[in-house]
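One file, model-v5.cif, carrying mmCIF, C-alpha atoms:
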```
data_data
loop_
_atom_site.label_atom_id
_atom_site.label_comp_id
_atom_site.auth_asym_id
_atom_site.auth_seq_id
_atom_site.Cartn_x
_atom_site.Cartn_y
_atom_site.Cartn_z
CA MET X 1 -32.15 37.46 8.40
CA PRO X 2 -33.38 40.26 10.73
CA LYS X 3 -30.91 42.65 9.11
CA LEU X 4 -32.09 41.60 5.65
CA ARG X 5 -35.72 42.11 6.63
CA ARG X 6 -35.03 45.62 7.91
CA ALA X 7 -33.13 46.43 4.72
CA LEU X 8 -36.02 45.16 2.59
CA ALA X 9 -38.49 47.18 4.66
CA TRP X 10 -36.41 50.32 4.12
CA PHE X 11 -36.20 49.70 0.35
CA VAL X 12 -39.99 49.33 0.10
CA ASP X 13 -40.64 52.51 2.08
CA PHE X 14 -37.97 54.42 0.17
CA ALA X 15 -39.44 53.23 -3.13
CA LEU X 16 -42.68 54.93 -2.10
CA VAL X 17 -40.69 58.11 -1.39
CA VAL X 18 -39.05 57.91 -4.82
CA ALA X 19 -42.45 57.45 -6.47
CA LEU X 20 -43.78 60.53 -4.67
CA ALA X 21 -40.66 62.54 -5.54
CA SER X 22 -41.03 61.57 -9.19
CA ALA X 23 -44.66 62.67 -9.25
CA LEU X 24 -43.75 65.99 -7.64
CA ALA X 25 -40.89 66.45 -10.11
CA VAL X 26 -43.26 65.99 -13.05
CA LEU X 27 -45.79 68.38 -11.51
CA THR X 28 -43.09 70.99 -10.84
CA PHE X 29 -41.74 70.66 -14.38
CA HIS X 30 -45.19 71.38 -15.79
CA ARG X 31 -45.65 74.35 -13.45
CA VAL X 32 -42.32 75.83 -14.55
CA SER X 33 -43.08 75.12 -18.20
CA ALA X 34 -46.40 76.93 -17.85
CA LEU X 35 -44.51 80.09 -16.86
CA VAL X 36 -42.63 80.04 -20.15
CA THR X 37 -45.48 78.95 -22.41
CA ASP X 38 -48.00 81.41 -20.98
CA VAL X 39 -47.29 83.78 -23.89
CA PRO X 40 -50.17 86.25 -23.47
CA GLU X 41 -49.31 86.89 -19.83
CA LEU X 42 -45.61 87.25 -20.60
CA ALA X 43 -46.31 89.52 -23.56
CA THR X 44 -48.54 91.78 -21.43
CA ARG X 45 -46.01 91.87 -18.64
CA GLY X 46 -43.16 92.48 -21.07
CA GLY X 47 -45.07 95.25 -22.82
CA PHE X 48 -45.89 96.99 -19.55
CA ASP X 49 -42.29 96.76 -18.41
CA LEU X 50 -41.15 98.17 -21.75
CA LEU X 51 -43.53 101.14 -21.53
CA THR X 52 -42.38 101.97 -18.01
CA SER X 53 -38.68 101.33 -18.64
CA ARG X 54 -37.95 104.79 -20.10
CA GLY X 55 -35.98 103.11 -22.88
CA ASP X 56 -33.98 100.79 -20.65
CA VAL X 57 -35.10 97.65 -22.51
CA LEU X 58 -32.32 95.46 -21.17
CA ASP X 59 -33.20 96.30 -17.59
CA ALA X 60 -36.88 95.57 -18.24
CA SER X 61 -36.01 92.20 -19.78
CA GLN X 62 -33.74 91.38 -16.88
CA ASP X 63 -36.48 92.15 -14.35
CA LEU X 64 -38.88 89.89 -16.26
CA GLY X 65 -36.31 87.10 -16.36
CA LEU X 66 -35.58 87.40 -12.64
CA SER X 67 -39.29 87.26 -11.90
CA LEU X 68 -39.63 84.02 -13.85
CA TRP X 69 -36.54 82.59 -12.14
CA ASP X 70 -37.84 83.49 -8.67
CA LYS X 71 -41.17 81.79 -9.41
CA SER X 72 -39.41 78.69 -10.74
CA VAL X 73 -37.25 78.44 -7.62
CA LEU X 74 -40.33 78.90 -5.46
CA TYR X 75 -42.06 76.01 -7.24
CA VAL X 76 -39.04 73.78 -6.64
CA GLU X 77 -38.91 74.74 -2.96
CA GLN X 78 -42.62 74.03 -2.61
CA ALA X 79 -42.14 70.59 -4.13
CA PHE X 80 -39.33 69.71 -1.72
CA GLY X 81 -41.32 71.07 1.22
CA LEU X 82 -44.34 68.97 0.26
CA LEU X 83 -42.13 65.91 -0.13
CA VAL X 84 -40.65 66.29 3.36
CA LEU X 85 -44.05 66.96 4.94
CA THR X 86 -45.67 63.97 3.20
CA VAL X 87 -42.87 61.59 4.21
CA PHE X 88 -43.13 62.72 7.83
CA LEU X 89 -46.91 62.32 7.87
CA TYR X 90 -46.61 58.88 6.24
CA GLN X 91 -44.13 57.69 8.86
CA TRP X 92 -46.04 59.22 11.76
CA ALA X 93 -49.48 58.01 10.67
CA CYS X 94 -48.31 54.46 9.98
CA LEU X 95 -46.46 54.17 13.28
CA SER X 96 -49.27 55.79 15.29
CA LEU X 97 -52.09 53.74 13.80
CA ALA X 98 -50.47 50.39 13.01
CA GLY X 99 -47.02 50.40 14.60
CA ARG X 100 -45.41 49.72 11.22
CA THR X 101 -44.92 51.24 7.81
CA VAL X 102 -45.90 49.48 4.59
CA GLY X 103 -42.37 48.14 4.19
CA LYS X 104 -42.23 46.76 7.72
CA ALA X 105 -45.67 45.20 7.38
CA LEU X 106 -44.63 43.35 4.22
CA VAL X 107 -41.62 41.74 5.91
CA GLY X 108 -43.30 41.09 9.27
CA LEU X 109 -41.72 43.80 11.43
CA LYS X 110 -43.29 46.09 14.02
CA VAL X 111 -42.08 49.15 15.94
CA THR X 112 -42.59 48.79 19.70
CA THR X 113 -42.25 51.11 22.70
CA ASP X 114 -43.20 51.29 26.37
CA SER X 115 -44.37 54.92 26.14
CA PRO X 116 -47.40 56.73 24.62
CA ARG X 117 -47.50 55.83 20.95
CA ARG X 118 -48.18 59.16 19.23
CA VAL X 119 -45.31 61.09 20.83
CA ARG X 120 -42.79 58.32 20.20
CA ALA X 121 -44.10 57.87 16.67
CA ALA X 122 -43.65 61.60 15.98
CA ARG X 123 -40.06 61.53 17.25
CA ARG X 124 -39.18 58.46 15.24
CA ALA X 125 -40.86 59.86 12.13
CA ALA X 126 -38.99 63.15 12.50
CA VAL X 127 -35.56 61.50 12.74
CA THR X 128 -36.32 59.04 9.92
CA THR X 129 -37.57 61.84 7.66
CA ALA X 130 -34.52 63.98 8.41
CA ALA X 131 -32.11 61.12 7.72
CA ASP X 132 -33.81 59.87 4.56
CA VAL X 133 -35.19 63.00 2.91
CA ALA X 134 -35.23 66.36 4.71
CA VAL X 135 -31.53 67.21 4.87
CA TYR X 136 -31.04 66.14 1.24
CA ALA X 137 -33.97 68.38 0.30
CA VAL X 138 -32.33 71.34 2.03
CA ALA X 139 -29.10 70.65 0.12
CA CYS X 140 -30.98 70.56 -3.19
CA VAL X 141 -32.79 73.82 -2.45
CA LEU X 142 -29.50 75.51 -1.59
CA LEU X 143 -28.05 74.27 -4.88
CA VAL X 144 -30.99 75.66 -6.85
CA GLU X 145 -30.53 79.00 -5.10
CA GLY X 146 -26.88 79.07 -6.16
CA GLN X 147 -25.36 78.32 -2.74
CA VAL X 148 -23.02 75.66 -4.11
CA VAL X 149 -20.49 75.47 -1.27
CA LEU X 150 -23.15 75.44 1.44
CA SER X 151 -25.10 72.86 -0.54
CA VAL X 152 -22.09 70.53 -0.65
CA LEU X 153 -21.61 70.89 3.12
CA VAL X 154 -25.26 70.08 3.78
CA TRP X 155 -25.01 67.08 1.43
CA ALA X 156 -22.09 65.84 3.55
CA VAL X 157 -24.17 66.27 6.71
CA ALA X 158 -27.03 64.39 5.03
CA VAL X 159 -24.77 61.43 4.21
CA VAL X 160 -23.37 61.33 7.77
CA LEU X 161 -26.86 61.48 9.27
CA PHE X 162 -28.07 58.71 6.98
CA LEU X 163 -25.15 56.48 8.00
CA LEU X 164 -25.65 57.25 11.70
CA ASN X 165 -29.25 56.14 11.34
CA ALA X 166 -28.59 53.06 9.20
CA LEU X 167 -25.32 51.52 10.43
CA PRO X 168 -26.42 50.83 14.05
CA VAL X 169 -28.97 48.39 12.62
CA LEU X 170 -25.99 46.12 11.89
CA SER X 171 -24.92 46.15 15.56
CA PRO X 172 -26.04 43.51 18.11
CA GLY X 173 -28.78 45.78 19.49
CA ARG X 174 -29.93 46.67 15.98
CA ARG X 175 -31.46 49.99 17.10
CA SER X 176 -31.21 52.81 14.59
CA LEU X 177 -30.66 56.45 15.51
CA ALA X 178 -34.40 56.97 15.07
CA ASP X 179 -35.08 54.12 17.52
CA ARG X 180 -32.69 55.54 20.10
CA CYS X 181 -34.08 59.07 19.84
CA ALA X 182 -37.68 57.86 20.09
CA GLY X 183 -37.13 55.09 22.64
CA THR X 184 -38.44 52.43 20.28
CA SER X 185 -37.27 49.10 18.90
CA VAL X 186 -38.17 46.92 15.93
CA THR X 187 -39.40 43.36 16.50
CA GLY X 188 -40.53 40.49 14.32
CA ILE X 189 -44.20 39.54 14.22
CA GLY X 190 -44.91 35.89 14.81
CA ILE X 191 -41.66 34.62 13.25
CA GLY X 192 -38.15 34.51 14.59
CA ARG X 193 -36.79 36.40 17.56
CA PRO X 194 -37.06 40.17 18.13
CA VAL X 195 -35.06 42.23 15.71
CA ALA X 196 -34.11 44.60 18.51
CA ALA X 197 -34.17 44.33 22.28
CA GLY X 198 -37.43 45.67 23.63
CA GLY X 199 -38.23 43.79 26.81
CA GLY X 200 -41.57 44.76 28.27
CA ALA X 201 -42.38 46.98 25.31
CA ARG X 202 -45.80 47.25 23.82
CA ALA X 203 -46.77 48.05 20.23
CA VAL X 204 -46.59 51.67 19.09
#
```
Give the structure from this file in structure tokens form.
Amino acid sequence: MPKLRRALAWFVDFALVVALASALAVLTFHRVSALVTDVPELATRGGFDLLTSRGDVLDASQDLGLSLWDKSVLYVEQAFGLLVLTVFLYQWACLSLAGRTVGKALVGLKVTTDSPRRVRAARRAAVTTAADVAVYAVACVLLVEGQVVLSVLVWAVAVVLFLLNALPVLSPGRRSLADRCAGTSVTGIGIGRPVAAGGGARAV
């Protein structure tokens, strides 16, 4: 049951991440679409480039296309950066203020530690964000920029990091990589025995 509760907590928290990612994807799509549909601006820019191209129309068109592509890639990178930052702040704020995320609260779990809460919360949030979102985001950005081989390698690292963080939860100690790096453990609130050993620990 403790393992099931931790899995359910992760699914709830990750569902929130997916919802945020979906909203950012829609926003980014509209931003990119606005670049293409902003006809007056493109026409002015294209006309200026044509007048200063000395007859090299193809080169002027290519420069305009590259400019649009660079802006589109920038929008995508901004979306991924905002996603990673928001996930980290969500994890850190929840652990600092309440000692649990929304998912953990719903299934009756709490993160505990015997050290100052904000520092430990920041460490745990950083590892959790890296394992769940950040490294995947880097891989996606590399793919958008055309770095296919490097993107695949980073995707492999992301999968390994995710497994290193998730699989220890199935062990007797049930402490994830994030727990070990932050010196925390996850316990049940009011029902059952602790989900992870944390003798003498106090709430984050």
Spatial neighbours of Ala125 of chain X, max dist 9 Å, all atoms listed in the file, sep filter under 6 positions, as number ranges by chain
X: 87-93, 95, 178, 182
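Going from atom CA of Arg180 of chain X over to atom CA of Phe162 of chain X, you cover 14.3 Å.
For the choices X:Leu74, X:Val26, X:Val133, X:Cys94, the atom-to-atom distance to Phe14 of chain X is smallest for X:Val133 when using only C-alpha atoms.
Atom CA of Ala126 of chain X to atom CA of Gly81 of chain X spans 14.0 Å [interatomic distance, one decimal].
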Given the file shown, enumerate the residues that the PyMOL selection byres ((chain X and resi 110) around 6) captures and present them as a ChimeraX atom specification.
/X:99-100,109,111,186-187
What's the 9 Å shell around segment 158-161 of chain X, counting only C-alpha atoms, without same-chain residues fewer than 6 positions away, as a PyMOL selection string?
chain X and resi 130-136+139+177
Can you work out which one of X:Val12, X:Cys181, X:Ala7, X:Val73 has the shortest atom-to-atom distance to Arg31 of chain X, counting all atoms listed in the file?
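Among X:Val12, X:Cys181, X:Ala7, X:Val73, it is X:Val73 that comes nearest to Arg31 of chain X.
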Between atom CA of Leu35 of chain X and atom CA of Val144 of chain X, measure the distance and give it in Å to one decimal.
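Separation of atom CA of Leu35 of chain X and atom CA of Val144 of chain X: 17.4 Å.
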Of the listed residues X:Val76, X:Leu16, X:Leu4, X:Ala105, that which approaches His30 of chain X most closely, counting only C-alpha atoms:
X:Val76
Identify which of the residues X:Leu85, X:Gln78, X:Ala121, X:Trp69 lies closest to Ala98 of chain X, counting all atoms listed in the file when measuring atom-to-atom distances.
X:Ala121
Picked residues, the PyMOL selection byres ((chain X and resi 9) around 8), expected as a PyMOL selection string
chain X and resi 5-8+10-13+102-107
Selected residues written out, C-alpha atoms, as an mmCIF file, keeping the file's coordinate frame:
```
data_model
loop_
_atom_site.group_PDB
_atom_site.id
_atom_site.type_symbol
_atom_site.label_atom_id
_atom_site.label_comp_id
_atom_site.auth_asym_id
_atom_site.auth_seq_id
_atom_site.Cartn_x
_atom_site.Cartn_y
_atom_site.Cartn_z
ATOM 1 C CA ARG X 5 -35.720 42.110 6.630
ATOM 2 C CA ARG X 6 -35.030 45.620 7.910
ATOM 3 C CA ALA X 7 -33.130 46.430 4.720
ATOM 4 C CA LEU X 8 -36.020 45.160 2.590
ATOM 5 C CA TRP X 10 -36.410 50.320 4.120
ATOM 6 C CA PHE X 11 -36.200 49.700 0.350
ATOM 7 C CA VAL X 12 -39.990 49.330 0.100
ATOM 8 C CA ASP X 13 -40.640 52.510 2.080
ATOM 9 C CA VAL X 102 -45.900 49.480 4.590
ATOM 10 C CA GLY X 103 -42.370 48.140 4.190
ATOM 11 C CA LYS X 104 -42.230 46.760 7.720
ATOM 12 C CA ALA X 105 -45.670 45.200 7.380
ATOM 13 C CA LEU X 106 -44.630 43.350 4.220
ATOM 14 C CA VAL X 107 -41.620 41.740 5.910
#
```
Build an axis-aligned box that encloses every atom of segment 143-154 of chain X listed in the file, pad it by 6 Å on each side, and report its centre and edge lengths in Å to one decimal, as JSON.
```
{"center_x": -25.7, "center_y": 74.6, "center_z": -1.5, "size_x": 22.5, "size_y": 21.0, "size_z": 22.6}
```
